[in-house]
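Listing of input-v4.cif, mmCIF, C-alpha atoms
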```
data_structure
#
loop_
_atom_site.label_atom_id
_atom_site.label_comp_id
_atom_site.auth_asym_id
_atom_site.auth_seq_id
_atom_site.Cartn_x
_atom_site.Cartn_y
_atom_site.Cartn_z
CA MET B 1 2.67 -73.18 102.00
CA ARG B 2 0.23 -70.36 102.72
CA GLY B 3 3.15 -68.03 103.28
CA ASP B 4 4.48 -68.80 99.83
CA ALA B 5 1.21 -67.98 98.14
CA LEU B 6 0.97 -64.73 100.05
CA ARG B 7 4.53 -63.81 99.16
CA ALA B 8 3.83 -64.51 95.50
CA ARG B 9 0.69 -62.36 95.57
CA ASN B 10 2.53 -59.49 97.25
CA GLN B 11 5.30 -59.64 94.72
CA ALA B 12 2.93 -59.81 91.77
CA HIS B 13 1.14 -56.74 93.11
CA LEU B 14 4.36 -54.79 93.56
CA TRP B 15 5.55 -55.77 90.10
CA GLN B 16 2.29 -54.62 88.56
CA VAL B 17 2.59 -51.20 90.22
CA ALA B 18 6.25 -50.94 89.23
CA GLN B 19 5.42 -51.69 85.61
CA ALA B 20 2.64 -49.12 85.59
CA HIS B 21 5.06 -46.47 86.82
CA GLY B 22 8.03 -47.42 84.65
CA SER B 23 10.51 -45.41 86.71
CA PHE B 24 10.27 -44.61 90.38
CA THR B 25 12.15 -44.11 93.61
CA VAL B 26 11.83 -46.56 96.46
CA HIS B 27 9.55 -44.22 98.39
CA GLU B 28 7.33 -43.52 95.41
CA LEU B 29 6.83 -47.22 94.77
CA SER B 30 6.26 -47.87 98.44
CA GLY B 31 3.57 -45.20 98.56
CA ALA B 32 1.91 -46.25 95.33
CA ALA B 33 1.86 -49.96 96.17
CA LYS B 34 1.10 -49.43 99.84
CA ARG B 35 3.93 -51.65 100.95
CA SER B 36 6.66 -50.83 103.45
CA VAL B 37 9.86 -49.16 102.27
CA ASP B 38 11.95 -52.03 103.59
CA TYR B 39 9.89 -54.58 101.71
CA VAL B 40 10.12 -52.60 98.47
CA ARG B 41 13.84 -52.18 98.91
CA ALA B 42 14.32 -55.91 99.46
CA GLU B 43 12.25 -56.83 96.40
CA LEU B 44 14.10 -54.29 94.24
CA ARG B 45 17.42 -55.85 95.23
CA GLY B 46 16.17 -59.22 94.05
CA TRP B 47 14.73 -57.82 90.84
CA GLN B 48 17.94 -55.96 90.13
CA ALA B 49 19.92 -59.18 90.53
CA ASP B 50 17.55 -60.90 88.10
CA GLY B 51 17.74 -57.95 85.68
CA PHE B 52 14.12 -56.82 85.90
CA VAL B 53 14.97 -53.32 87.12
CA GLU B 54 18.03 -51.10 86.84
CA LYS B 55 19.28 -47.89 88.39
CA ALA B 56 18.66 -44.90 86.14
CA GLY B 57 20.31 -41.92 87.78
CA LYS B 58 18.78 -39.93 90.59
CA ARG B 59 15.61 -38.06 91.34
CA GLY B 60 16.54 -35.46 93.92
CA MET B 61 18.57 -37.32 96.48
CA SER B 62 17.04 -40.75 95.85
CA ILE B 63 18.04 -43.39 93.38
CA LEU B 64 15.72 -43.62 90.42
CA TRP B 65 14.82 -47.16 89.37
CA ARG B 66 13.59 -48.16 85.96
CA VAL B 67 11.85 -51.30 84.75
CA THR B 68 14.02 -52.95 82.09
CA GLU B 69 12.90 -54.58 78.87
CA ALA B 70 13.65 -58.03 80.27
CA PRO B 71 10.91 -60.51 79.29
CA GLY B 72 8.80 -62.27 81.88
CA ALA B 73 8.02 -61.30 85.43
CA PRO B 74 9.81 -61.96 88.67
CA VAL B 75 8.55 -65.07 90.40
CA THR B 76 8.85 -66.29 93.92
CA ALA B 77 9.44 -69.99 94.06
CA THR B 78 6.07 -71.08 95.36
CA GLY B 79 5.92 -74.57 96.75
CA SER B 80 9.66 -74.73 97.06
CA ARG B 81 10.50 -74.87 100.71
CA THR B 82 13.68 -73.55 102.30
CA PRO B 83 16.14 -76.01 103.86
CA GLU B 84 14.92 -75.04 107.34
CA GLU B 85 11.29 -75.59 106.35
CA ARG B 86 12.18 -78.97 104.89
CA MET B 87 14.09 -80.06 107.97
CA TRP B 88 11.38 -78.87 110.35
CA PHE B 89 8.77 -80.66 108.25
CA ALA B 90 10.76 -83.90 108.19
CA LEU B 91 11.58 -84.01 111.87
CA ARG B 92 7.98 -83.25 112.83
CA LYS B 93 6.71 -86.00 110.57
CA ALA B 94 9.32 -88.65 111.23
CA GLY B 95 8.81 -88.66 114.98
CA GLY B 96 11.08 -90.45 117.40
CA VAL B 97 14.79 -89.95 117.82
CA PHE B 98 16.86 -88.59 114.97
CA SER B 99 20.44 -87.52 114.29
CA ALA B 100 21.74 -84.81 112.00
CA ALA B 101 22.65 -87.53 109.49
CA ASP B 102 19.02 -88.72 109.46
CA LEU B 103 17.75 -85.20 108.99
CA ALA B 104 20.11 -84.54 106.09
CA MET B 105 19.19 -87.87 104.51
CA TRP B 106 15.46 -87.12 104.67
CA THR B 107 15.70 -83.60 103.28
CA ASN B 108 18.64 -83.46 100.89
CA THR B 109 17.52 -83.02 97.29
CA ASP B 110 19.31 -81.98 94.13
CA GLU B 111 17.31 -78.76 93.94
CA VAL B 112 17.77 -77.77 97.58
CA PRO B 113 20.91 -79.43 98.97
CA VAL B 114 21.09 -80.04 102.72
CA SER B 115 24.42 -81.28 104.02
CA VAL B 116 24.94 -83.05 107.33
CA ASP B 117 26.61 -79.87 108.57
CA ASP B 118 23.53 -77.81 107.70
CA ALA B 119 21.36 -80.29 109.55
CA GLN B 120 23.73 -80.25 112.51
CA ALA B 121 23.56 -76.45 112.68
CA TYR B 122 19.77 -76.50 112.60
CA CYS B 123 19.61 -79.19 115.29
CA ARG B 124 21.84 -77.08 117.52
CA LEU B 125 19.65 -74.06 116.95
CA LEU B 126 16.54 -76.03 117.87
CA LEU B 127 18.32 -77.45 120.89
CA ARG B 128 19.33 -73.98 122.15
CA ALA B 129 15.79 -72.74 121.71
CA GLY B 130 14.32 -75.75 123.52
CA TYR B 131 12.46 -77.34 120.63
CA VAL B 132 14.41 -80.58 120.78
CA ARG B 133 16.02 -82.51 123.59
CA CYS B 134 19.37 -84.22 123.25
CA GLU B 135 18.72 -87.92 123.86
CA ILE B 136 22.22 -89.25 123.25
CA LYS B 137 25.21 -86.97 123.33
CA ALA B 138 27.91 -87.12 120.68
CA ASP B 139 30.95 -88.89 122.09
CA GLY B 140 33.51 -87.32 119.76
CA ARG B 141 34.47 -90.79 118.56
CA GLY B 142 31.95 -91.17 115.81
CA ARG B 143 28.66 -91.33 117.64
CA MET B 144 26.44 -88.47 116.53
CA ALA B 145 24.09 -86.70 118.90
CA SER B 146 20.48 -87.87 118.77
CA TYR B 147 17.60 -85.53 119.32
CA ARG B 148 13.91 -85.78 120.01
CA LEU B 149 11.30 -83.16 119.21
CA ILE B 150 9.65 -81.96 122.40
CA GLN B 151 7.88 -78.79 121.24
CA ASN B 152 5.94 -79.25 118.06
CA THR B 153 4.56 -75.75 117.76
CA GLY B 154 3.16 -75.98 114.22
CA PRO B 155 3.91 -76.25 110.55
CA ARG B 156 6.06 -73.17 110.11
CA ALA B 157 9.75 -73.65 110.78
CA PRO B 158 11.48 -71.77 113.60
CA VAL B 159 14.44 -69.80 112.28
CA GLU B 160 17.12 -67.69 113.86
CA ARG B 161 16.50 -63.94 113.84
CA ARG B 162 18.42 -60.99 115.17
CA VAL B 163 16.16 -58.84 117.28
CA ARG B 164 16.41 -55.58 119.14
CA ALA B 165 15.33 -55.84 122.72
CA VAL B 166 15.20 -53.77 125.86
CA TRP B 167 16.98 -55.10 128.93
CA ASP B 168 15.10 -54.52 132.15
CA PRO B 169 17.52 -54.83 135.09
CA ASN B 170 14.62 -54.97 137.56
CA THR B 171 13.04 -58.07 136.17
CA GLU B 172 16.35 -59.25 134.72
CA ASP B 173 14.67 -60.02 131.47
CA PHE B 174 14.68 -58.91 127.87
CA LYS B 175 11.61 -57.31 126.38
CA LEU B 176 11.29 -57.47 122.62
CA HIS B 177 10.37 -54.22 120.91
CA SER B 178 6.65 -54.16 120.60
CA GLY B 179 6.95 -52.30 117.32
CA ARG B 180 8.68 -53.54 114.21
CA VAL B 181 11.33 -56.13 114.97
CA SER B 182 14.32 -55.65 112.71
CA MET T 1 35.27 -89.07 99.60
CA THR T 2 34.86 -85.57 98.28
CA ARG T 3 32.34 -83.14 99.66
CA SER T 4 30.53 -82.61 96.43
CA SER T 5 29.67 -86.27 96.02
CA GLN T 6 28.31 -86.29 99.55
CA ILE T 7 25.91 -83.47 98.78
CA ASN T 8 24.46 -85.15 95.74
CA ASN T 9 23.70 -88.36 97.57
CA THR T 10 19.99 -87.94 97.97
CA LEU T 11 17.24 -90.42 98.67
CA ALA T 12 15.74 -89.70 95.26
CA PRO T 13 17.11 -92.78 93.43
CA LEU T 14 15.80 -95.29 96.02
CA ARG T 15 13.19 -97.38 94.28
CA ASN T 16 10.42 -96.74 96.79
CA VAL T 17 11.07 -93.01 96.86
CA LEU T 18 11.16 -92.98 93.09
CA ALA T 19 7.93 -94.97 92.91
CA PHE T 20 6.20 -92.54 95.25
CA ARG T 21 7.41 -89.46 93.40
CA THR T 22 6.44 -90.95 90.06
CA MET T 23 2.96 -91.68 91.36
CA LEU T 24 2.58 -88.12 92.67
CA GLN T 25 3.84 -86.76 89.36
CA ARG T 26 1.42 -88.91 87.37
CA LEU T 27 -1.48 -87.82 89.55
CA ASP T 28 -0.41 -84.21 89.08
CA ASP T 29 -0.17 -84.58 85.32
CA ARG T 30 -3.24 -86.75 84.83
CA SER T 31 -5.46 -85.70 81.98
CA ALA T 32 -8.93 -84.35 82.61
CA GLY T 33 -11.45 -87.03 83.38
CA LEU T 34 -9.02 -89.37 85.06
CA THR T 35 -9.37 -89.90 88.77
CA GLY T 36 -6.72 -88.50 91.05
CA MET T 37 -6.45 -90.64 94.12
CA GLY T 38 -3.52 -92.92 94.81
CA CYS T 39 -2.51 -95.55 97.29
CA PHE T 40 0.97 -96.54 98.45
CA TYR T 41 1.17 -99.66 100.51
CA GLY T 42 3.67 -102.12 101.93
CA PRO T 43 4.97 -103.70 105.14
CA ALA T 44 6.52 -101.61 107.92
CA GLY T 45 10.15 -100.62 107.54
CA PHE T 46 10.28 -100.41 103.76
CA GLY T 47 10.56 -96.64 103.88
CA LYS T 48 7.00 -95.64 103.06
CA THR T 49 6.96 -92.79 105.53
CA MET T 50 10.45 -91.73 104.49
CA ALA T 51 9.35 -91.70 100.87
CA SER T 52 6.24 -89.71 101.68
CA ILE T 53 8.17 -87.13 103.71
CA TYR T 54 10.76 -86.78 100.99
CA SER T 55 8.21 -86.40 98.21
CA ALA T 56 5.95 -84.09 100.23
CA ASN T 57 8.91 -81.81 100.84
CA ALA T 58 9.98 -81.83 97.22
CA ARG T 59 6.48 -81.16 95.88
CA GLY T 60 5.25 -78.92 98.71
CA ALA T 61 2.47 -81.26 99.71
CA CYS T 62 0.36 -81.42 102.85
CA LEU T 63 1.18 -84.55 104.84
CA VAL T 64 -0.78 -85.82 107.82
CA GLN T 65 -0.10 -88.95 109.84
CA CYS T 66 -3.19 -90.49 111.34
CA GLU T 67 -3.43 -91.89 114.82
CA SER T 68 -5.62 -94.65 116.15
CA THR T 69 -7.91 -92.35 118.12
CA TRP T 70 -8.67 -89.90 115.35
CA THR T 71 -12.18 -88.97 114.36
CA VAL T 72 -13.27 -87.19 111.19
CA LYS T 73 -13.10 -83.90 113.05
CA THR T 74 -9.55 -84.51 114.26
CA LEU T 75 -8.49 -85.27 110.72
CA CYS T 76 -9.94 -81.95 109.52
CA LEU T 77 -8.38 -80.05 112.40
CA VAL T 78 -4.95 -81.48 111.75
CA ILE T 79 -5.08 -80.84 108.01
CA LEU T 80 -6.09 -77.22 108.64
CA GLU T 81 -3.32 -76.85 111.18
CA GLU T 82 -0.85 -78.15 108.62
CA LEU T 83 -2.13 -75.62 106.11
CA GLY T 84 -1.75 -72.84 108.66
CA LEU T 85 -5.46 -72.00 108.73
CA LYS T 86 -7.74 -71.23 111.63
CA PRO T 87 -10.30 -74.02 111.75
CA ALA T 88 -14.00 -73.26 111.53
CA ARG T 89 -16.29 -74.70 114.17
CA THR T 90 -18.10 -77.54 112.47
CA THR T 91 -16.76 -80.42 110.44
CA PRO T 92 -18.61 -79.53 107.21
CA GLU T 93 -17.24 -76.00 107.39
CA MET T 94 -13.74 -77.29 108.00
CA SER T 95 -14.07 -79.66 105.09
CA ARG T 96 -14.96 -76.73 102.83
CA GLN T 97 -12.02 -74.72 104.16
CA ILE T 98 -9.68 -77.58 103.33
CA GLN T 99 -11.12 -77.99 99.84
CA GLN T 100 -10.67 -74.30 99.09
CA ALA T 101 -7.15 -74.05 100.51
CA LEU T 102 -5.89 -77.13 98.69
CA ALA T 103 -7.46 -76.11 95.40
CA GLN T 104 -6.32 -72.50 95.63
CA ASP T 105 -2.65 -73.26 96.16
CA ASP T 106 -2.67 -76.61 94.35
CA ILE T 107 -1.40 -78.60 97.32
CA PRO T 108 -1.63 -82.40 97.12
CA LEU T 109 -2.80 -84.20 100.24
CA ILE T 110 -0.91 -87.22 101.54
CA VAL T 111 -2.40 -89.26 104.37
CA ASP T 112 0.03 -91.58 106.11
CA GLU T 113 -1.11 -94.45 108.35
CA ALA T 114 -4.40 -94.37 106.46
CA ASP T 115 -5.27 -97.82 107.88
CA PHE T 116 -6.64 -96.06 110.94
CA LEU T 117 -9.14 -94.15 108.82
CA VAL T 118 -10.28 -97.05 106.70
CA SER T 119 -11.89 -98.78 109.60
CA LYS T 120 -13.96 -95.73 110.42
CA LYS T 121 -15.49 -94.46 107.21
CA SER T 122 -13.39 -91.32 107.58
CA VAL T 123 -12.11 -92.10 104.12
CA GLU T 124 -15.35 -90.64 102.82
CA ILE T 125 -14.23 -87.18 103.84
CA LEU T 126 -11.01 -87.65 101.90
CA ARG T 127 -13.10 -88.48 98.87
CA ASP T 128 -15.10 -85.27 99.44
CA ILE T 129 -11.90 -83.27 99.67
CA TYR T 130 -10.58 -84.89 96.53
CA GLU T 131 -13.84 -84.41 94.59
CA LYS T 132 -14.20 -80.73 95.40
CA SER T 133 -10.57 -79.63 95.22
CA GLY T 134 -9.32 -81.84 92.41
CA VAL T 135 -5.84 -82.11 93.93
CA PRO T 136 -4.14 -85.50 94.17
CA VAL T 137 -4.93 -87.39 97.36
CA ILE T 138 -2.63 -90.25 98.31
CA LEU T 139 -3.29 -92.78 101.04
CA VAL T 140 -0.24 -94.49 102.54
CA GLY T 141 -0.61 -97.59 104.65
CA GLU T 142 0.14 -101.18 105.45
CA GLU T 143 0.04 -104.10 103.07
CA ALA T 144 -3.70 -104.70 103.50
CA LEU T 145 -4.72 -101.12 102.68
CA PRO T 146 -5.84 -101.68 99.07
CA SER T 147 -8.02 -104.61 99.99
CA LYS T 148 -9.50 -102.67 102.90
CA LEU T 149 -10.28 -99.79 100.58
CA ARG T 150 -12.16 -102.13 98.28
CA ARG T 151 -14.99 -102.10 100.79
CA TRP T 152 -15.70 -98.45 100.00
CA GLU T 153 -16.77 -98.58 96.40
CA ARG T 154 -16.65 -94.84 95.93
CA ILE T 155 -13.02 -94.64 97.02
CA HIS T 156 -12.11 -97.80 95.19
CA SER T 157 -13.34 -96.44 91.88
CA ARG T 158 -11.41 -93.19 92.26
CA MET T 159 -8.03 -94.82 92.69
CA LEU T 160 -5.86 -94.11 89.67
CA GLU T 161 -2.83 -95.90 91.00
CA ARG T 162 -1.98 -98.42 93.63
CA VAL T 163 1.75 -98.66 94.11
CA ALA T 164 3.40 -101.25 96.32
CA ALA T 165 6.53 -100.51 98.35
CA GLU T 166 9.17 -103.09 97.44
CA PRO T 167 11.98 -104.53 99.56
CA LEU T 168 15.22 -102.67 98.94
CA ASP T 169 17.52 -104.17 96.32
CA ASP T 170 21.30 -104.09 95.86
CA GLU T 171 21.21 -100.78 94.05
CA ASP T 172 19.25 -99.17 96.90
CA PHE T 173 21.74 -100.65 99.32
CA GLY T 174 24.54 -98.93 97.40
CA HIS T 175 22.73 -95.58 97.56
CA LEU T 176 22.19 -95.91 101.30
CA VAL T 177 25.86 -96.82 101.82
CA ALA T 178 26.85 -93.65 99.96
CA ILE T 179 24.54 -91.61 102.19
CA ARG T 180 25.20 -93.17 105.58
CA CYS T 181 28.79 -94.41 105.25
CA PRO T 182 30.41 -92.04 102.75
CA ASP T 183 33.89 -92.51 104.21
CA VAL T 184 33.91 -96.27 104.73
CA ALA T 185 34.40 -98.94 102.09
CA ILE T 186 32.29 -101.96 102.96
CA SER T 187 33.65 -105.38 102.03
CA GLN T 188 31.57 -107.90 100.15
CA ASP T 189 31.04 -110.27 103.07
CA LEU T 190 29.90 -107.44 105.35
CA ALA T 191 27.55 -106.08 102.68
CA ALA T 192 26.08 -109.54 102.20
CA ALA T 193 25.64 -109.97 105.95
CA ILE T 194 23.88 -106.63 106.29
CA LYS T 195 21.57 -107.35 103.35
CA LEU T 196 20.74 -110.76 104.78
CA ALA T 197 20.02 -109.42 108.27
CA SER T 198 18.00 -106.44 107.02
CA LYS T 199 15.68 -108.43 104.73
CA GLY T 200 15.11 -105.47 102.44
CA SER T 201 14.00 -103.16 105.23
CA ALA T 202 15.25 -99.59 104.80
CA ARG T 203 15.08 -98.97 108.52
CA LEU T 204 17.26 -101.96 109.38
CA ILE T 205 19.77 -101.23 106.62
CA VAL T 206 20.20 -97.68 107.92
CA ASN T 207 20.55 -98.95 111.48
CA ASN T 208 23.15 -101.51 110.49
CA LEU T 209 25.10 -99.05 108.37
CA ASP T 210 25.18 -96.68 111.34
CA THR T 211 26.57 -99.51 113.45
CA VAL T 212 29.30 -100.07 110.87
CA ARG T 213 30.12 -96.38 110.62
CA LEU T 214 30.33 -96.05 114.39
CA ARG T 215 32.53 -99.13 114.67
CA ALA T 216 34.83 -97.81 111.93
CA ALA T 217 35.17 -94.52 113.80
CA GLN T 218 35.95 -96.34 117.05
CA LEU T 219 38.67 -98.29 115.28
CA GLY T 220 40.40 -94.97 114.61
CA GLY T 221 38.68 -93.98 111.41
CA LYS T 222 39.14 -97.23 109.57
CA GLY T 223 38.55 -96.74 105.85
CA GLU T 224 37.56 -100.32 105.06
CA MET T 225 35.29 -102.56 107.02
CA ALA T 226 34.89 -106.31 106.72
CA LEU T 227 32.59 -108.62 108.65
CA ALA T 228 35.46 -109.60 110.97
CA ASP T 229 36.02 -105.95 111.95
CA LEU T 230 32.66 -105.81 113.66
CA GLY T 231 34.00 -107.95 116.49
CA GLY T 232 31.26 -109.00 118.84
CA ILE T 233 28.75 -106.47 117.58
CA GLY T 234 25.69 -108.10 116.13
CA LEU T 235 23.68 -106.73 113.23
CA HIS T 236 20.07 -105.72 113.72
CA ASP T 237 17.76 -108.22 112.08
CA GLY T 238 14.49 -107.03 113.54
CA THR T 239 13.72 -110.22 115.44
CA PRO T 240 12.86 -109.97 119.11
CA PRO T 241 15.25 -111.69 121.53
CA GLN T 242 14.59 -115.35 122.30
CA MET T 243 12.77 -116.10 125.50
CA ARG T 244 15.29 -116.90 128.19
CA ARG T 245 14.93 -119.84 130.52
CA PHE T 246 16.31 -119.87 134.02
CA GLY T 247 16.83 -123.15 135.74
#
```

Would you encode the structure as structure tokens?
Amino acid sequence: MRGDALRARNQAHLWQVAQAHGSFTVHELSGAAKRSVDYVRAELRGWQADGFVEKAGKRGMSILWRVTEAPGAPVTATGSRTPEERMWFALRKAGGVFSAADLAMWTNTDEVPVSVDDAQAYCRLLLRAGYVRCEIKADGRGRMASYRLIQNTGPRAPVERRVRAVWDPNTEDFKLHSGRVS
Amino acid sequence: MTRSSQINNTLAPLRNVLAFRTMLQRLDDRSAGLTGMGCFYGPAGFGKTMASIYSANARGACLVQCESTWTVKTLCLVILEELGLKPARTTPEMSRQIQQALAQDDIPLIVDEADFLVSKKSVEILRDIYEKSGVPVILVGEEALPSKLRRWERIHSRMLERVAAEPLDDEDFGHLVAIRCPDVAISQDLAAAIKLASKGSARLIVNNLDTVRLRAAQLGGKGEMALADLGGIGLHDGTPPQMRRFG
């Protein structure tokens, strides 16, 4: 919820700067808006897909972007939660034992579809990470696995990320990069 | 059944879910001057919590479920935690934080198991939050909730809607069958038996449909189920077992 509002504000800011400049390279926009190059690049990809910006040749070695005449402004869907956020929300609130079918039933909407398979994948992810415990195992003959939430860490949904880490053979443990995690 | 039909089988058409979403929508769209608190009440098992979770997700609302031990401070702490904010130290400060956060991002507040609050005057703080933020505030609770709320005149007068959860009807039953047993055709006698045993309770219907689906799978993926196919398996009817007598 808060994250959405923040995302929307960031995007509105970037869009304002982009409009003021008209045409720009990624690095120029990043410098002018004081946002990271990666963030600007990601936003530009989205805007390009929605037709708000287009490539307009090159400036030096970099691609030059230009704001198109398209009406309106890019919007982030505020208030609309991702499937993972919806599932995490539902399983935290419902309490007790649940199966992937339950989770899909609680969260599936026409706007954001969640299939039983999606729910199953998310349950497995939570199980691997130790957020849920498997109460009843699937028997392969129709009975679905049932889970119970054992680590309710807060309102924001855990998601899978790829991270770079350093392996320390002495402690036999991974250390996440303390800097930016990509 | 095809995959696409499975995906579109959502809870949205269930009458209680629909009623809840309609109430939230009406509170959202209310014209200036109208009050913006709502109340959703009904016996356990009718799917009140399910409806509130579903609607909160769809609308992006803040949902808290009260517990019997909660004080006013706990309520504030939990709401702030749900909003992802660091709570201030005192209750009045926290109350202000909540008001600002809800108003700023236009997040409705839904309070489940509100019966626990009613007995403790904690409802007053919900009224404060509603008054200052202007966002819809919905209390969800047991059958007696509206009459309990009547004791607090200030809350009572700010209720725009009081919506009752209804027992599930045949249409709802059909929707739940499509969601829980998409690959099994249920015969008339079995459907009647399930409806009779479940007494309109969403929880029991879902339980019983799961029993049927499991039984169908155990019979080698049977596509049609009749009452006789259940064998010795009984349907859940929510009654506790009879007391046994020995000797």

**OP:** Dump as JSON, numbers by chain the residues of chain T that approach chain B to within 6 Å, counting all atoms listed in the file.
**Re:** {"T": [7, 10, 54, 57, 60, 82, 214, 217, 218]}

**OP:** Find the residues near region 12-17 of chain T: any atom within 12 Å, counting only C-alpha atoms, skip ones fewer than 3 places away on the same chain, and give them as an MDAnalysis selection string.
**Re:** (chainID B and resid 105:111) or (chainID T and resid 8:9 20:24 40:42 45:58 163:179 200:202)

**OP:** Mind giving me the straight-line distance from CA of Ile194 (chain T) to CA of Asp112 (chain T) in Å, one decimal?
**Re:**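 It comes out at 28.2 Å.
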
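Closest approach to Phe116 (chain T) among T:Lys148, T:Arg180, T:Arg158, T:Lys86 is made by T:Lys148 (distances from all atoms listed in the file).
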
**OP:** Select all residues near (19.0, -57.9, 78.4) (cut-off 12 Å, inclusive, file coordinates), counting all atoms listed in the file, and output them as a list in words.
**Re:**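 Final list of nearby residues, as requested, is Gln48, Asp50, Gly51, Phe52, Val53, Glu54, Val67, Thr68, Glu69, Ala70, Pro71 and Gly72 of chain B.
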
Original post:
What lies within 7 Å of Ser187 (chain T) using only C-alpha atoms, ignoring chain neighbours under 4 positions off, as a list in words?
Top reply: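 Contacts, in chain order: Ala191, Met225 and Ala226 of chain T.
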
Written selection (C-alpha atoms) as a compact mmCIF listing (two decimals), keeping the file's coordinate frame:
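Result went into result_25.txt, see below:
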```txt
# COMPACT_ATOMS: atom_id res chain seq x y z
CA ALA T 191 27.55 -106.08 102.68
CA MET T 225 35.29 -102.56 107.02
CA ALA T 226 34.89 -106.31 106.72
```

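Matched in the shown structure by the PyMOL selection byres ((chain T and resi 108) around 7): Ala61, Cys62, Leu102, Asp106, Ile107, Leu109, Ile110, Val135, Pro136 and Val137 of chain T.
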
**OP:** Evaluate the PyMOL selection byres ((chain B and resi 11) around 10) here and jot the selected residues down as a list in words.
**Re:** Ala5, Leu6, Arg7, Ala8, Arg9, Asn10, Ala12, His13, Leu14, Trp15, Gln16, Val17, Tyr39, Val40, Glu43, Ala73, Pro74, Val75 and Thr76 of chain B

With C-alpha atoms retained, could you export that selection as a JSON list (two decimals), in the frame of the given file?
```
[["chain", "number", "residue", "atom", "x", "y", "z"],
["B", 5, "ALA", "CA", 1.21, -67.98, 98.14],
["B", 6, "LEU", "CA", 0.97, -64.73, 100.05],
["B", 7, "ARG", "CA", 4.53, -63.81, 99.16],
["B", 8, "ALA", "CA", 3.83, -64.51, 95.50],
["B", 9, "ARG", "CA", 0.69, -62.36, 95.57],
["B", 10, "ASN", "CA", 2.53, -59.49, 97.25],
["B", 12, "ALA", "CA", 2.93, -59.81, 91.77],
["B", 13, "HIS", "CA", 1.14, -56.74, 93.11],
["B", 14, "LEU", "CA", 4.36, -54.79, 93.56],
["B", 15, "TRP", "CA", 5.55, -55.77, 90.10],
["B", 16, "GLN", "CA", 2.29, -54.62, 88.56],
["B", 17, "VAL", "CA", 2.59, -51.20, 90.22],
["B", 39, "TYR", "CA", 9.89, -54.58, 101.71],
["B", 40, "VAL", "CA", 10.12, -52.60, 98.47],
["B", 43, "GLU", "CA", 12.25, -56.83, 96.40],
["B", 73, "ALA", "CA", 8.02, -61.30, 85.43],
["B", 74, "PRO", "CA", 9.81, -61.96, 88.67],
["B", 75, "VAL", "CA", 8.55, -65.07, 90.40],
["B", 76, "THR", "CA", 8.85, -66.29, 93.92]]
```

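Among the candidates T:Leu83, T:Val206, T:Val64, T:Val212, the one nearest to Val140 (chain T) when counting all atoms listed in the file is T:Val64.
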
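Considering only C-alpha atoms, the residue among T:Gln188, T:Ser198, T:Arg127, T:His236 positioned nearest to Thr211 (chain T) is T:His236.
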
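Straight-line separation from CA of Leu235 (chain T) to CA of Leu219 (chain T): 17.3 Å.
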
**OP:** Fewer than 2 positions away in the same chain doesn't count, so skip those; otherwise give me all residues within 6 Å of Cys39 (chain T), counting all atoms listed in the file, as a VMD selection string.
**Re:** chain T and resid 138 to 140 162

Edge lengths and centre in Å, axis-aligned, region 147-161 of chain T plus 4 Å each side, as lines of an AutoDock Vina configuration file:
```
center_x = -9.8
center_y = -98.9
center_z = 96.3
size_x = 21.9
size_y = 19.4
size_z = 21.2
```

Original post:
Rounded to one decimal in Å, what is the spacing between CA of Ile136 (chain B) and CA of Ala157 (chain B)?
Top reply: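 Atom-to-atom, CA of Ile136 (chain B) to CA of Ala157 (chain B), that is 23.5 Å.
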
Evaluated on this file, the PyMOL selection byres ((chain T and resi 239) around 12) picks out some residues - which ones are they, written as a PDB file with C-alpha atoms, keeping the file's coordinate frame?
```pdb
ATOM      1  CA  ALA T 197      20.020-109.420 108.270  1.00  0.00           C
ATOM      2  CA  SER T 198      18.000-106.440 107.020  1.00  0.00           C
ATOM      3  CA  LYS T 199      15.680-108.430 104.730  1.00  0.00           C
ATOM      4  CA  LEU T 204      17.260-101.960 109.380  1.00  0.00           C
ATOM      5  CA  LEU T 235      23.680-106.730 113.230  1.00  0.00           C
ATOM      6  CA  HIS T 236      20.070-105.720 113.720  1.00  0.00           C
ATOM      7  CA  ASP T 237      17.760-108.220 112.080  1.00  0.00           C
ATOM      8  CA  GLY T 238      14.490-107.030 113.540  1.00  0.00           C
ATOM      9  CA  PRO T 240      12.860-109.970 119.110  1.00  0.00           C
ATOM     10  CA  PRO T 241      15.250-111.690 121.530  1.00  0.00           C
ATOM     11  CA  GLN T 242      14.590-115.350 122.300  1.00  0.00           C
ATOM     12  CA  MET T 243      12.770-116.100 125.500  1.00  0.00           C
TER      13      MET T 243
END
```

Original post:
When distances are computed from all atoms listed in the file, which of T:Ile233, T:Leu190, T:Val184, T:Leu126 shows the smallest separation from Gly220 (chain T)?
Top reply: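 Between T:Ile233, T:Leu190, T:Val184, T:Leu126, the residue approaching Gly220 (chain T) most closely is T:Val184.
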
Which residues of region 105-194 of chain T sit at most 9 Å from region 72-80 of chain T, using all atoms listed in the file? Give each one's shortest atom pair and distance in Å (one decimal place), in chain and ascending residue order, as a tab-separated table.
```
residue	atom	partner	partner_atom	distance
T:Leu109	CA	T:Ile79	CA	8.8
T:Leu117	CA	T:Val72	CA	8.4
T:Lys120	CA	T:Val72	CA	8.6
T:Lys121	CA	T:Val72	CA	8.6
T:Ser122	CA	T:Val72	CA	5.5
T:Val123	CA	T:Val72	CA	8.7
T:Ile125	CA	T:Val72	CA	7.4
```
